[in-house]
$ cat data34.cif   # mmCIF, C-alpha atoms
data_query
loop_
_atom_site.group_PDB
_atom_site.id
_atom_site.type_symbol
_atom_site.label_atom_id
_atom_site.label_comp_id
_atom_site.auth_asym_id
_atom_site.auth_seq_id
_atom_site.Cartn_x
_atom_site.Cartn_y
_atom_site.Cartn_z
ATOM 1 C CA MET A 1 44.479 -131.969 131.232
ATOM 2 C CA PRO A 2 42.731 -134.962 129.665
ATOM 3 C CA TYR A 3 39.194 -136.264 129.418
ATOM 4 C CA HIS A 4 38.814 -139.953 130.286
ATOM 5 C CA LEU A 5 35.774 -141.857 128.990
ATOM 6 C CA HIS A 6 35.433 -145.434 130.233
ATOM 7 C CA PHE A 7 33.669 -147.992 128.016
ATOM 8 C CA GLY A 8 31.676 -151.000 129.178
ATOM 9 C CA GLU A 9 30.529 -153.894 126.988
ATOM 10 C CA ASP A 10 27.246 -152.240 125.991
ATOM 11 C CA ASP A 11 28.971 -148.999 125.036
ATOM 12 C CA PHE A 12 30.672 -150.642 122.059
ATOM 13 C CA LEU A 13 27.218 -151.453 120.676
ATOM 14 C CA ASN A 14 25.881 -147.919 121.093
ATOM 15 C CA CYS A 15 28.495 -145.789 119.364
ATOM 16 C CA ARG A 16 27.273 -143.851 116.350
ATOM 17 C CA PHE A 17 28.268 -141.115 113.941
ATOM 18 C CA ALA A 18 26.200 -137.953 113.635
ATOM 19 C CA LEU A 19 26.390 -134.438 112.300
ATOM 20 C CA SER A 20 24.767 -131.339 113.732
ATOM 21 C CA PRO A 21 23.825 -128.064 112.034
ATOM 22 C CA LEU A 22 23.157 -126.638 115.516
ATOM 23 C CA TRP A 23 26.688 -127.469 116.640
ATOM 24 C CA GLU A 24 28.185 -125.952 113.484
ATOM 25 C CA THR A 25 26.188 -122.775 114.097
ATOM 26 C CA HIS A 26 27.548 -122.333 117.611
ATOM 27 C CA GLU A 27 31.063 -123.121 116.490
ATOM 28 C CA ALA A 28 30.749 -120.665 113.598
ATOM 29 C CA VAL A 29 29.772 -117.995 116.140
ATOM 30 C CA ARG A 30 32.752 -118.984 118.283
ATOM 31 C CA THR A 31 35.067 -118.828 115.264
ATOM 32 C CA LEU A 32 34.166 -115.166 114.724
ATOM 33 C CA ARG A 33 35.752 -114.429 118.121
ATOM 34 C CA ARG A 34 38.760 -116.759 117.822
ATOM 35 C CA PRO A 35 41.483 -115.651 115.361
ATOM 36 C CA GLU A 36 43.313 -118.946 115.894
ATOM 37 C CA ARG A 37 40.334 -120.750 114.336
ATOM 38 C CA GLN A 38 40.055 -118.621 111.232
ATOM 39 C CA GLY A 39 42.964 -119.943 109.170
ATOM 40 C CA TYR A 40 40.835 -122.320 107.083
ATOM 41 C CA HIS A 41 37.881 -119.946 106.668
ATOM 42 C CA PRO A 42 38.911 -116.580 105.157
ATOM 43 C CA ALA A 43 36.583 -117.026 102.159
ATOM 44 C CA TRP A 44 33.652 -117.779 104.476
ATOM 45 C CA LEU A 45 34.518 -114.818 106.686
ATOM 46 C CA ARG A 46 34.436 -112.499 103.677
ATOM 47 C CA ARG A 47 31.069 -113.866 102.569
ATOM 48 C CA ILE A 48 29.343 -113.470 105.922
ATOM 49 C CA ARG A 49 30.964 -110.203 107.087
ATOM 50 C CA SER A 50 27.936 -107.998 106.385
ATOM 51 C CA ALA A 51 25.419 -110.515 107.751
ATOM 52 C CA ALA A 52 27.464 -111.063 110.916
ATOM 53 C CA ALA A 53 27.661 -107.319 111.552
ATOM 54 C CA GLU A 54 23.868 -107.186 111.817
ATOM 55 C CA LEU A 55 23.714 -109.846 114.561
ATOM 56 C CA ASP A 56 23.991 -109.249 118.296
ATOM 57 C CA LEU A 57 26.106 -112.235 119.289
ATOM 58 C CA GLU A 58 27.326 -110.889 122.642
ATOM 59 C CA PRO A 59 24.950 -113.089 124.729
ATOM 60 C CA LEU A 60 26.301 -116.218 123.021
ATOM 61 C CA TRP A 61 29.927 -115.069 123.278
ATOM 62 C CA LEU A 62 29.412 -114.465 127.007
ATOM 63 C CA LEU A 63 28.769 -118.229 127.310
ATOM 64 C CA MET A 64 31.830 -119.245 125.257
ATOM 65 C CA PRO A 65 34.753 -118.880 127.680
ATOM 66 C CA GLN A 66 38.260 -119.142 126.307
ATOM 67 C CA ARG A 67 38.839 -121.967 128.780
ATOM 68 C CA GLY A 68 35.895 -123.671 130.396
ATOM 69 C CA ASN A 69 32.377 -124.835 129.729
ATOM 70 C CA SER A 70 29.682 -123.702 127.348
ATOM 71 C CA PRO A 71 26.163 -124.777 128.350
ATOM 72 C CA ASP A 72 25.496 -128.245 126.955
ATOM 73 C CA CYS A 73 21.776 -127.422 126.787
ATOM 74 C CA LEU A 74 22.443 -124.851 124.036
ATOM 75 C CA MET A 75 24.483 -127.214 121.867
ATOM 76 C CA PRO A 76 23.786 -130.788 122.992
ATOM 77 C CA PRO A 77 24.936 -133.900 121.142
ATOM 78 C CA PRO A 78 22.655 -134.431 118.128
ATOM 79 C CA ILE A 79 19.350 -136.168 118.747
ATOM 80 C CA GLY A 80 19.711 -138.307 115.613
ATOM 81 C CA PRO A 81 22.226 -139.192 112.913
ATOM 82 C CA ALA A 82 20.943 -136.487 110.552
ATOM 83 C CA ALA A 83 18.745 -134.152 112.593
ATOM 84 C CA THR A 84 17.710 -130.875 110.981
ATOM 85 C CA PHE A 85 18.436 -127.511 112.524
ATOM 86 C CA GLU A 86 14.716 -127.052 113.151
ATOM 87 C CA GLU A 87 14.560 -130.292 115.144
ATOM 88 C CA GLU A 88 17.649 -129.416 117.150
ATOM 89 C CA ILE A 89 16.626 -125.858 118.016
ATOM 90 C CA ALA A 90 13.191 -127.140 119.075
ATOM 91 C CA ALA A 91 14.956 -129.438 121.560
ATOM 92 C CA VAL A 92 16.955 -126.473 122.882
ATOM 93 C CA ARG A 93 13.769 -124.452 123.384
ATOM 94 C CA ALA A 94 12.313 -127.354 125.407
ATOM 95 C CA THR A 95 15.239 -127.409 127.871
ATOM 96 C CA ASP A 96 14.278 -127.807 131.525
ATOM 97 C CA HIS A 97 14.673 -124.377 133.113
ATOM 98 C CA GLU A 98 16.452 -125.573 136.253
ATOM 99 C CA LEU A 99 18.932 -127.528 134.151
ATOM 100 C CA ALA A 100 19.459 -124.402 132.052
ATOM 101 C CA ARG A 101 20.070 -122.288 135.174
ATOM 102 C CA THR A 102 22.675 -124.761 136.426
ATOM 103 C CA GLU A 103 24.538 -124.941 133.121
ATOM 104 C CA LEU A 104 24.380 -121.187 132.542
ATOM 105 C CA ALA A 105 25.847 -120.581 136.003
ATOM 106 C CA ILE A 106 28.712 -123.007 135.403
ATOM 107 C CA SER A 107 29.527 -121.401 132.069
ATOM 108 C CA LEU A 108 29.337 -117.810 133.319
ATOM 109 C CA ALA A 109 31.656 -118.673 136.225
ATOM 110 C CA ASP A 110 34.390 -119.598 133.737
ATOM 111 C CA THR A 111 34.635 -116.014 132.415
ATOM 112 C CA PRO A 112 35.839 -113.459 135.004
ATOM 113 C CA GLY A 113 33.086 -110.933 135.723
ATOM 114 C CA ALA A 114 30.443 -112.631 133.578
ATOM 115 C CA THR A 115 28.260 -113.809 136.472
ATOM 116 C CA GLU A 116 27.963 -110.292 137.883
ATOM 117 C CA SER A 117 27.517 -108.592 134.532
ATOM 118 C CA PRO A 118 24.015 -107.245 133.734
ATOM 119 C CA ALA A 119 23.550 -109.892 131.035
ATOM 120 C CA GLY A 120 24.764 -112.682 133.309
ATOM 121 C CA ARG A 121 22.493 -111.639 136.188
ATOM 122 C CA ALA A 122 19.512 -111.452 133.817
ATOM 123 C CA MET A 123 20.161 -114.974 132.506
ATOM 124 C CA LEU A 124 20.312 -116.467 135.993
ATOM 125 C CA ALA A 125 17.289 -114.517 137.236
ATOM 126 C CA ASP A 126 15.071 -115.789 134.423
ATOM 127 C CA PRO A 127 16.553 -118.891 132.750
ATOM 128 C CA ALA A 128 13.342 -119.569 130.811
ATOM 129 C CA ARG A 129 13.599 -116.203 129.103
ATOM 130 C CA ALA A 130 17.347 -116.697 128.645
ATOM 131 C CA VAL A 131 16.787 -119.975 126.812
ATOM 132 C CA ARG A 132 14.208 -118.359 124.523
ATOM 133 C CA GLU A 133 16.417 -115.393 123.700
ATOM 134 C CA LEU A 134 19.563 -117.486 123.231
ATOM 135 C CA ALA A 135 17.653 -119.868 120.957
ATOM 136 C CA ASP A 136 16.389 -116.893 118.942
ATOM 137 C CA THR A 137 19.944 -115.573 118.581
ATOM 138 C CA THR A 138 21.202 -119.006 117.578
ATOM 139 C CA GLU A 139 18.466 -119.322 114.960
ATOM 140 C CA ALA A 140 19.338 -115.909 113.521
ATOM 141 C CA ALA A 141 22.999 -116.958 113.385
ATOM 142 C CA TRP A 142 22.055 -120.168 111.575
ATOM 143 C CA HIS A 143 20.173 -118.298 108.861
ATOM 144 C CA ALA A 144 22.864 -115.644 108.418
ATOM 145 C CA LEU A 145 26.117 -117.558 108.866
ATOM 146 C CA VAL A 146 25.653 -121.257 108.198
ATOM 147 C CA GLU A 147 22.474 -122.084 106.293
ATOM 148 C CA PRO A 148 23.653 -120.540 102.972
ATOM 149 C CA ALA A 149 26.713 -122.798 103.045
ATOM 150 C CA TRP A 150 25.062 -125.825 104.661
ATOM 151 C CA PRO A 151 24.903 -128.019 101.507
ATOM 152 C CA ARG A 152 28.672 -127.610 101.125
ATOM 153 C CA LEU A 153 29.330 -128.181 104.828
ATOM 154 C CA ARG A 154 26.999 -131.178 105.008
ATOM 155 C CA ALA A 155 28.659 -132.776 101.969
ATOM 156 C CA LEU A 156 32.064 -132.530 103.642
ATOM 157 C CA LEU A 157 30.755 -133.880 106.949
ATOM 158 C CA GLU A 158 28.962 -136.768 105.232
ATOM 159 C CA ALA A 159 32.143 -137.619 103.331
ATOM 160 C CA ASP A 160 34.054 -137.714 106.626
ATOM 161 C CA ILE A 161 31.466 -140.025 108.172
ATOM 162 C CA ALA A 162 31.522 -142.306 105.117
ATOM 163 C CA PHE A 163 35.317 -142.541 105.261
ATOM 164 C CA HIS A 164 35.458 -143.247 108.991
ATOM 165 C CA SER A 165 32.573 -145.720 108.812
ATOM 166 C CA ARG A 166 34.639 -147.679 106.329
ATOM 167 C CA ARG A 167 37.656 -147.487 108.638
ATOM 168 C CA LEU A 168 35.462 -148.684 111.526
ATOM 169 C CA ALA A 169 34.563 -151.776 109.494
ATOM 170 C CA GLU A 170 38.243 -152.348 108.700
ATOM 171 C CA VAL A 171 39.972 -151.726 112.051
ATOM 172 C CA GLY A 172 37.211 -151.702 114.695
ATOM 173 C CA LEU A 173 36.430 -149.005 117.233
ATOM 174 C CA ALA A 174 39.698 -149.358 119.151
ATOM 175 C CA GLY A 175 41.623 -148.850 115.918
ATOM 176 C CA LEU A 176 39.441 -146.028 114.630
ATOM 177 C CA LEU A 177 39.334 -143.714 117.642
ATOM 178 C CA PRO A 178 43.065 -142.806 117.671
ATOM 179 C CA GLU A 179 42.841 -142.130 113.923
ATOM 180 C CA LEU A 180 40.293 -139.347 114.417
ATOM 181 C CA ASP A 181 42.897 -136.986 115.848
ATOM 182 C CA ARG A 182 46.420 -137.188 117.282
ATOM 183 C CA ARG A 183 45.082 -136.035 120.682
ATOM 184 C CA VAL A 184 42.815 -139.081 121.025
ATOM 185 C CA ALA A 185 44.227 -142.259 122.595
ATOM 186 C CA TRP A 186 42.748 -145.657 123.408
ATOM 187 C CA ASP A 187 43.903 -148.085 126.074
ATOM 188 C CA ALA A 188 42.040 -151.108 127.419
ATOM 189 C CA GLY A 189 38.530 -149.706 127.275
ATOM 190 C CA ARG A 190 39.422 -146.125 128.129
ATOM 191 C CA LEU A 191 39.306 -143.246 125.665
ATOM 192 C CA THR A 192 41.582 -140.345 126.580
ATOM 193 C CA VAL A 193 41.278 -136.953 124.913
ATOM 194 C CA ASP A 194 44.081 -134.444 125.421
ATOM 195 C CA SER A 195 41.955 -131.331 125.699
ATOM 196 C CA ARG A 196 41.149 -128.395 127.931
ATOM 197 C CA GLY A 197 39.732 -129.165 131.338
ATOM 198 C CA GLU A 198 39.509 -132.492 133.129
ATOM 199 C CA HIS A 199 36.606 -134.899 132.907
ATOM 200 C CA VAL A 200 36.131 -138.526 133.906
ATOM 201 C CA ARG A 201 32.982 -140.402 132.977
ATOM 202 C CA GLU A 202 31.710 -143.937 132.846
ATOM 203 C CA LEU A 203 29.635 -144.195 129.683
ATOM 204 C CA GLY A 204 27.210 -146.536 131.395
ATOM 205 C CA GLY A 205 25.873 -148.207 128.256
ATOM 206 C CA GLN A 206 25.018 -144.955 126.444
ATOM 207 C CA GLY A 207 27.894 -145.335 124.027
ATOM 208 C CA LEU A 208 29.561 -142.407 122.324
ATOM 209 C CA VAL A 209 28.469 -139.985 119.591
ATOM 210 C CA LEU A 210 31.290 -139.406 117.084
ATOM 211 C CA MET A 211 30.773 -136.083 115.353
ATOM 212 C CA PRO A 212 32.979 -134.432 112.712
ATOM 213 C CA SER A 213 32.899 -130.644 112.678
ATOM 214 C CA VAL A 214 34.076 -127.971 110.268
ATOM 215 C CA PHE A 215 34.313 -125.015 112.640
ATOM 216 C CA THR A 216 35.649 -126.887 115.691
ATOM 217 C CA TRP A 217 39.157 -126.996 114.163
ATOM 218 C CA PRO A 218 41.772 -126.969 115.638
ATOM 219 C CA ASP A 219 40.107 -128.226 118.822
ATOM 220 C CA VAL A 220 38.852 -131.649 119.855
ATOM 221 C CA VAL A 221 35.831 -131.407 122.152
ATOM 222 C CA SER A 222 34.538 -134.052 124.526
ATOM 223 C CA GLY A 223 32.786 -134.325 127.845
ATOM 224 C CA PHE A 224 29.074 -133.509 128.084
ATOM 225 C CA ASP A 225 27.754 -134.094 131.573
ATOM 226 C CA PRO A 226 24.555 -136.041 132.314
ATOM 227 C CA PRO A 227 21.819 -136.027 131.146
ATOM 228 C CA TRP A 228 23.530 -135.572 127.794
ATOM 229 C CA GLN A 229 24.950 -138.507 125.875
ATOM 230 C CA PRO A 230 28.753 -138.434 125.797
ATOM 231 C CA ALA A 231 30.217 -137.190 122.516
ATOM 232 C CA LEU A 232 33.546 -136.708 120.807
ATOM 233 C CA VAL A 233 33.701 -133.813 118.331
ATOM 234 C CA TYR A 234 36.735 -133.809 116.052
ATOM 235 C CA PRO A 235 37.926 -131.731 113.053
ATOM 236 C CA ALA A 236 36.493 -133.063 109.798
ATOM 237 C CA ARG A 237 38.759 -134.310 107.018
ATOM 238 C CA GLY A 238 39.278 -132.107 103.985
ATOM 239 C CA ILE A 239 38.478 -128.678 105.401
ATOM 240 C CA GLY A 240 41.583 -127.231 103.744
ATOM 241 C CA GLY A 241 39.765 -127.170 100.404
ATOM 242 C CA LEU A 242 36.264 -126.561 101.745
ATOM 243 C CA TRP A 243 35.823 -123.005 100.494
ATOM 244 C CA ALA A 244 37.728 -123.396 97.231
ATOM 245 C CA GLU A 245 35.652 -123.059 94.088
ATOM 246 C CA PRO A 246 35.980 -125.802 91.461
ATOM 247 C CA SER A 247 37.973 -123.505 89.202
ATOM 248 C CA ASP A 248 40.426 -122.818 92.049
ATOM 249 C CA ARG A 249 41.328 -126.479 92.633
ATOM 250 C CA THR A 250 41.181 -127.872 89.094
ATOM 251 C CA PRO A 251 44.472 -127.770 87.154
ATOM 252 C CA GLU A 252 43.995 -126.114 83.787
ATOM 253 C CA ALA A 253 45.976 -128.861 82.061
ATOM 254 C CA LEU A 254 43.508 -131.399 83.446
ATOM 255 C CA VAL A 255 40.627 -129.302 82.106
ATOM 256 C CA ARG A 256 42.151 -129.342 78.622
ATOM 257 C CA LEU A 257 42.601 -133.101 78.811
ATOM 258 C CA LEU A 258 39.246 -134.183 80.280
ATOM 259 C CA GLY A 259 36.901 -131.228 79.917
ATOM 260 C CA ARG A 260 35.953 -128.900 82.765
ATOM 261 C CA GLY A 261 33.195 -131.019 84.323
ATOM 262 C CA ARG A 262 35.091 -134.320 84.451
ATOM 263 C CA ALA A 263 38.294 -132.536 85.537
ATOM 264 C CA ALA A 264 36.455 -130.839 88.400
ATOM 265 C CA VAL A 265 35.008 -134.157 89.559
ATOM 266 C CA LEU A 266 38.384 -135.917 89.446
ATOM 267 C CA ALA A 267 40.146 -133.053 91.242
ATOM 268 C CA ALA A 268 37.473 -132.955 93.968
ATOM 269 C CA LEU A 269 37.897 -136.628 94.893
ATOM 270 C CA ALA A 270 40.639 -136.112 97.457
ATOM 271 C CA GLU A 271 38.864 -138.732 99.589
ATOM 272 C CA PRO A 272 36.114 -141.279 98.870
ATOM 273 C CA THR A 273 32.912 -139.355 98.178
ATOM 274 C CA SER A 274 29.352 -140.034 97.057
ATOM 275 C CA THR A 275 27.614 -138.594 94.000
ATOM 276 C CA THR A 276 25.367 -136.397 96.137
ATOM 277 C CA ALA A 277 28.254 -135.004 98.184
ATOM 278 C CA LEU A 278 30.206 -134.190 95.018
ATOM 279 C CA ALA A 279 27.200 -132.470 93.487
ATOM 280 C CA HIS A 280 26.818 -130.246 96.559
ATOM 281 C CA ARG A 281 30.529 -129.508 96.690
ATOM 282 C CA LEU A 282 30.811 -128.607 93.001
ATOM 283 C CA GLY A 283 27.453 -126.928 92.542
ATOM 284 C CA LEU A 284 26.506 -129.328 89.742
ATOM 285 C CA ALA A 285 23.366 -131.371 89.113
ATOM 286 C CA PRO A 286 23.626 -134.923 90.528
ATOM 287 C CA SER A 287 22.797 -136.327 87.080
ATOM 288 C CA SER A 288 25.770 -134.482 85.548
ATOM 289 C CA VAL A 289 28.116 -135.649 88.302
ATOM 290 C CA SER A 290 26.867 -139.232 87.889
ATOM 291 C CA ALA A 291 27.602 -139.122 84.151
ATOM 292 C CA HIS A 292 31.106 -137.758 84.753
ATOM 293 C CA LEU A 293 31.784 -140.418 87.395
ATOM 294 C CA SER A 294 30.722 -143.193 85.014
ATOM 295 C CA THR A 295 33.021 -141.883 82.278
ATOM 296 C CA LEU A 296 35.985 -141.532 84.637
ATOM 297 C CA ARG A 297 35.389 -145.009 86.059
ATOM 298 C CA ASP A 298 35.201 -146.533 82.574
ATOM 299 C CA ALA A 299 38.505 -144.828 81.772
ATOM 300 C CA GLY A 300 40.180 -146.470 84.760
ATOM 301 C CA LEU A 301 40.569 -143.245 86.723
ATOM 302 C CA LEU A 302 38.068 -144.127 89.491
ATOM 303 C CA VAL A 303 36.752 -147.142 91.349
ATOM 304 C CA ALA A 304 33.445 -147.416 93.188
ATOM 305 C CA HIS A 305 32.682 -149.212 96.461
ATOM 306 C CA ARG A 306 29.342 -149.673 98.186
ATOM 307 C CA TYR A 307 29.160 -149.005 101.943
ATOM 308 C CA GLY A 308 25.673 -149.505 103.312
ATOM 309 C CA HIS A 309 23.286 -147.374 101.251
ATOM 310 C CA GLN A 310 26.064 -145.244 99.759
ATOM 311 C CA VAL A 311 28.324 -145.756 96.749
ATOM 312 C CA LEU A 312 31.656 -143.994 97.263
ATOM 313 C CA TYR A 313 34.056 -143.143 94.457
ATOM 314 C CA GLU A 314 37.787 -142.790 94.807
ATOM 315 C CA ARG A 315 40.693 -142.248 92.455
ATOM 316 C CA THR A 316 42.851 -145.085 91.147
ATOM 317 C CA PRO A 317 46.643 -144.613 91.080
ATOM 318 C CA LEU A 318 46.308 -143.336 87.512
ATOM 319 C CA GLY A 319 43.558 -140.934 88.587
ATOM 320 C CA ILE A 320 45.739 -139.690 91.469
ATOM 321 C CA ALA A 321 48.643 -139.120 89.100
ATOM 322 C CA LEU A 322 46.516 -137.174 86.634
ATOM 323 C CA ALA A 323 44.869 -135.038 89.319
ATOM 324 C CA SER A 324 48.232 -134.166 90.872
ATOM 325 C CA GLY A 325 49.850 -133.363 87.538
ATOM 326 C CA GLY A 326 52.321 -136.211 87.866
ATOM 327 C CA ALA A 327 51.377 -138.117 84.735
#
$ encode --input "data34.cif" --output "C-alpha cells"
Amino acid sequence: MPYHLHFGEDDFLNCRFALSPLWETHEAVRTLRRPERQGYHPAWLRRIRSAAAELDLEPLWLLMPQRGNSPDCLMPPPIGPAATFEEEIAAVRATDHELARTELAISLADTPGATESPAGRAMLADPARAVRELADTTEAAWHALVEPAWPRLRALLEADIAFHSRRLAEVGLAGLLPELDRRVAWDAGRLTVDSRGEHVRELGGQGLVLMPSVFTWPDVVSGFDPPWQPALVYPARGIGGLWAEPSDRTPEALVRLLGRGRAAVLAALAEPTSTTALAHRLGLAPSSVSAHLSTLRDAGLLVAHRYGHQVLYERTPLGIALASGGA
C-alpha cells in the first residue's frame, strides 16, 4: 500500500539532502532483529557481536513493529544537513511529553500484546521517563554499534549525496526521485512510494528531506506525520562493498602494476567520490590519497569535477578497464 506525498510550488524550493547518525543507529538496532536486512552486513555483525550482547535493546525493539509505525520522536528527520549525533539525541530528549505519549501508543498498538506488556504500560504511564530511558539506550547503541564505523558510513553516505546532487542538477527533481529506488514514482507533482502502510500528505511548503541510509536496506521509508518534516529514506549506493577492506577489493595484478596505495584508490572509485570520503573508506591519510589521485589523474585514469564545495573523482574508461581487469 503506497505513500502519496503531494508537492506544491514552494515544496520544490525546500527539498534537501541530509544524513543522520541517529537514524543509522536506530536502523542498526533494527537490523539486529531482522535477518532479511543482514545480507550486506556480516562483517559488521561479527565486529559488534560482543558489544551488542551487553546492550538491553528490548525497549527499542518493542517500538519497532514488523509492520507499522516506530515513534517519529525517537528518530525524526535530521535537523540539519550534517547534524551530529549529540545534536540529534539532544532534540530527542527535548521531545514534548504528550507528543511522545501519542506516538508511543501508536507504535505499541502495531505489535500484538505490546500495549499491555509491563514495558508498554510503563512507557505510557510516564512518557517523560520513557523518553529519557529510550534516549539513553539509543546513545549506548550509538557508541557500541555505529560510532566506531561512523567515518566509513559517513563517507559512503556523503558519496551518495554528492552523486545524487549531481543528478539533481542534470535531470531535476522529477527526474531524480524515481532514480533513488525502483519503488519510488513521480507523476504530476505527486511522489508515490510503494512501501508498507498507507499515507497521504500535502507537503504544504515544507519540502522533502532526501536521506540515504546504510542500514535501511532493503526498505524505502517515508511518511512522518506532523509536526515532523516529510522525509524519504532510501538505500544508499555502494553498500555492497561497504565492509570490504582495501586488500579485499583490490586486484593483486593492479597492485603490481600501480602500487598498493594507487591501486586501492582506483579500485575504490566505483562511483564519484571526494578525497575525504576516500581517505575515510581506505583508512589512509587525506594527503596520501590526494597524491595518489593526482598521479592517477595525470596518467589519464581519473577525471575530476567540482560540485559546489566538493571535488569528485571518477574513473575514465581506461581506469574502469584497469580496475575491472579488462585491460
$ resolve_selection --input "data34.cif" --expression "the PyMOL selection byres ((chain A and resi 98) around 12)" --output "NGL selection string"
:A and (73 or 94-97 or 99-105 or 123-128 or 130-131)
$ closest_atom_pairs --input "data34.cif" --of "region 179-284 of chain A" --to "region 6-17 of chain A" --cutoff "12 Å" --atoms "all atoms listed in the file" --output "CSV"
residue,atom,partner,partner_atom,distance
A:Trp186,CA,A:His6,CA,10.0
A:Asp187,CA,A:His6,CA,9.8
A:Ala188,CA,A:Phe7,CA,9.0
A:Gly189,CA,A:Phe7,CA,5.2
A:Arg190,CA,A:His6,CA,4.6
A:Leu191,CA,A:His6,CA,6.4
A:Thr192,CA,A:His6,CA,8.8
A:Val193,CA,A:His6,CA,11.6
A:His199,CA,A:His6,CA,10.9
A:Val200,CA,A:His6,CA,7.9
A:Arg201,CA,A:His6,CA,6.2
A:Glu202,CA,A:His6,CA,4.8
A:Leu203,CA,A:Phe7,CA,5.8
A:Gly204,CA,A:Gly8,CA,6.7
A:Gly205,CA,A:Asp11,CA,4.5
A:Gln206,CA,A:Asp11,CA,5.8
A:Gly207,CA,A:Asp11,CA,4.0
A:Leu208,CA,A:Cys15,CA,4.6
A:Val209,CA,A:Arg16,CA,5.2
A:Leu210,CA,A:Phe17,CA,4.7
A:Met211,CA,A:Phe17,CA,5.8
A:Pro212,CA,A:Phe17,CA,8.3
A:Ser213,CA,A:Phe17,CA,11.5
A:Gly223,CA,A:His6,CA,11.7
A:Gln229,CA,A:Cys15,CA,10.4
A:Pro230,CA,A:Cys15,CA,9.8
A:Ala231,CA,A:Cys15,CA,9.3
A:Leu232,CA,A:Phe17,CA,9.7
A:Val233,CA,A:Phe17,CA,10.1
A:Tyr234,CA,A:Phe17,CA,11.4
$ write_last_selection --input "data34.cif" --atoms "C-alpha atoms" --output "PDB file, in the coordinates of the input"
ATOM      1  CA  TRP A 186      42.748-145.657 123.408  1.00  0.00           C
ATOM      2  CA  ASP A 187      43.903-148.085 126.074  1.00  0.00           C
ATOM      3  CA  ALA A 188      42.040-151.108 127.419  1.00  0.00           C
ATOM      4  CA  GLY A 189      38.530-149.706 127.275  1.00  0.00           C
ATOM      5  CA  ARG A 190      39.422-146.125 128.129  1.00  0.00           C
ATOM      6  CA  LEU A 191      39.306-143.246 125.665  1.00  0.00           C
ATOM      7  CA  THR A 192      41.582-140.345 126.580  1.00  0.00           C
ATOM      8  CA  VAL A 193      41.278-136.953 124.913  1.00  0.00           C
ATOM      9  CA  HIS A 199      36.606-134.899 132.907  1.00  0.00           C
ATOM     10  CA  VAL A 200      36.131-138.526 133.906  1.00  0.00           C
ATOM     11  CA  ARG A 201      32.982-140.402 132.977  1.00  0.00           C
ATOM     12  CA  GLU A 202      31.710-143.937 132.846  1.00  0.00           C
ATOM     13  CA  LEU A 203      29.635-144.195 129.683  1.00  0.00           C
ATOM     14  CA  GLY A 204      27.210-146.536 131.395  1.00  0.00           C
ATOM     15  CA  GLY A 205      25.873-148.207 128.256  1.00  0.00           C
ATOM     16  CA  GLN A 206      25.018-144.955 126.444  1.00  0.00           C
ATOM     17  CA  GLY A 207      27.894-145.335 124.027  1.00  0.00           C
ATOM     18  CA  LEU A 208      29.561-142.407 122.324  1.00  0.00           C
ATOM     19  CA  VAL A 209      28.469-139.985 119.591  1.00  0.00           C
ATOM     20  CA  LEU A 210      31.290-139.406 117.084  1.00  0.00           C
ATOM     21  CA  MET A 211      30.773-136.083 115.353  1.00  0.00           C
ATOM     22  CA  PRO A 212      32.979-134.432 112.712  1.00  0.00           C
ATOM     23  CA  SER A 213      32.899-130.644 112.678  1.00  0.00           C
ATOM     24  CA  GLY A 223      32.786-134.325 127.845  1.00  0.00           C
ATOM     25  CA  GLN A 229      24.950-138.507 125.875  1.00  0.00           C
ATOM     26  CA  PRO A 230      28.753-138.434 125.797  1.00  0.00           C
ATOM     27  CA  ALA A 231      30.217-137.190 122.516  1.00  0.00           C
ATOM     28  CA  LEU A 232      33.546-136.708 120.807  1.00  0.00           C
ATOM     29  CA  VAL A 233      33.701-133.813 118.331  1.00  0.00           C
ATOM     30  CA  TYR A 234      36.735-133.809 116.052  1.00  0.00           C
TER      31      TYR A 234
END
$ atom_distance --input "data34.cif" --atom1 "CA of Ile239 (chain A)" --atom2 "CA of Arg30 (chain A)"
17.1 Å
$ resolve_selection --input "data34.cif" --expression "the PyMOL selection byres ((chain A and resi 281) around 8)" --output "number ranges by chain"
A: 151-152, 155-156, 277-280, 282-283
$ resolve_selection --input "data34.cif" --expression "the PyMOL selection byres ((chain A and resi 42-48) around 10)" --output "list in words"
Ala28, Thr31, Leu32, Gln38, Gly39, Tyr40, His41, Arg49, Ser50, Ala51, Ala52, Ala53, Ala144, Leu145, Val146, Pro148, Ala149, Leu242, Trp243 and Ala244 of chain A
$ atom_distance --input "data34.cif" --atom1 "CA of Arg306 (chain A)" --atom2 "CA of Leu157 (chain A)"
18.1 Å
$ residues_around --input "data34.cif" --residues "Ala185 (chain A)" --least-positions-apart "3" --cutoff "12 Å" --atoms "all atoms listed in the file" --output "list in words"
Pro2, Tyr3, His4, Leu5, Leu173, Ala174, Gly175, Leu176, Leu177, Pro178, Glu179, Leu180, Asp181, Arg182, Ala188, Gly189, Arg190, Leu191, Thr192, Val193, Asp194 and Ser195 of chain A
$ residues_around --input "data34.cif" --residues "Leu22 (chain A)" --least-positions-apart "5" --cutoff "12 Å" --atoms "only C-alpha atoms" --output "ChimeraX atom specification"
/A:27-29,72-79,82-92,135,137-143,145-147,150,213,215
$ residues_around --input "data34.cif" --residues "region 312-316 of chain A" --least-positions-apart "6" --cutoff "12 Å" --atoms "all atoms listed in the file" --output "MDAnalysis selection string"
chainID A and resid 158:163 165:166 265:278 289:290 292:294 296:306 322:324
$ closest_residue --input "data34.cif" --among "A:Ala236, A:Leu284, A:Ala321, A:Leu62" --to "Glu116 (chain A)" --atoms "all atoms listed in the file"
A:Leu62
$ axis_aligned_box --input "data34.cif" --around "region 121-131 of chain A" --padding-each-side "4 Å" --output "lines of an AutoDock Vina configuration file"
center_x = 17.9
center_y = -115.7
center_z = 132.0
size_x = 17.2
size_y = 16.5
size_z = 18.4
$ atom_distance --input "data34.cif" --atom1 "CA of Leu19 (chain A)" --atom2 "CA of Val221 (chain A)"
14.0 Å
$ residues_around --input "data34.cif" --residues "Leu257 (chain A)" --least-positions-apart "3" --cutoff "12 Å" --atoms "all atoms listed in the file" --output "list of chain:residue names"
A:Thr250, A:Pro251, A:Glu252, A:Ala253, A:Leu254, A:Arg260, A:Gly261, A:Arg262, A:Ala263, A:Ala264, A:Leu266, A:Leu322, A:Ala323, A:Gly325, A:Ala327
$ closest_residue --input "data34.cif" --among "A:Asp219, A:Trp23, A:Pro112, A:Pro71" --to "Glu36 (chain A)" --atoms "only C-alpha atoms"
A:Asp219
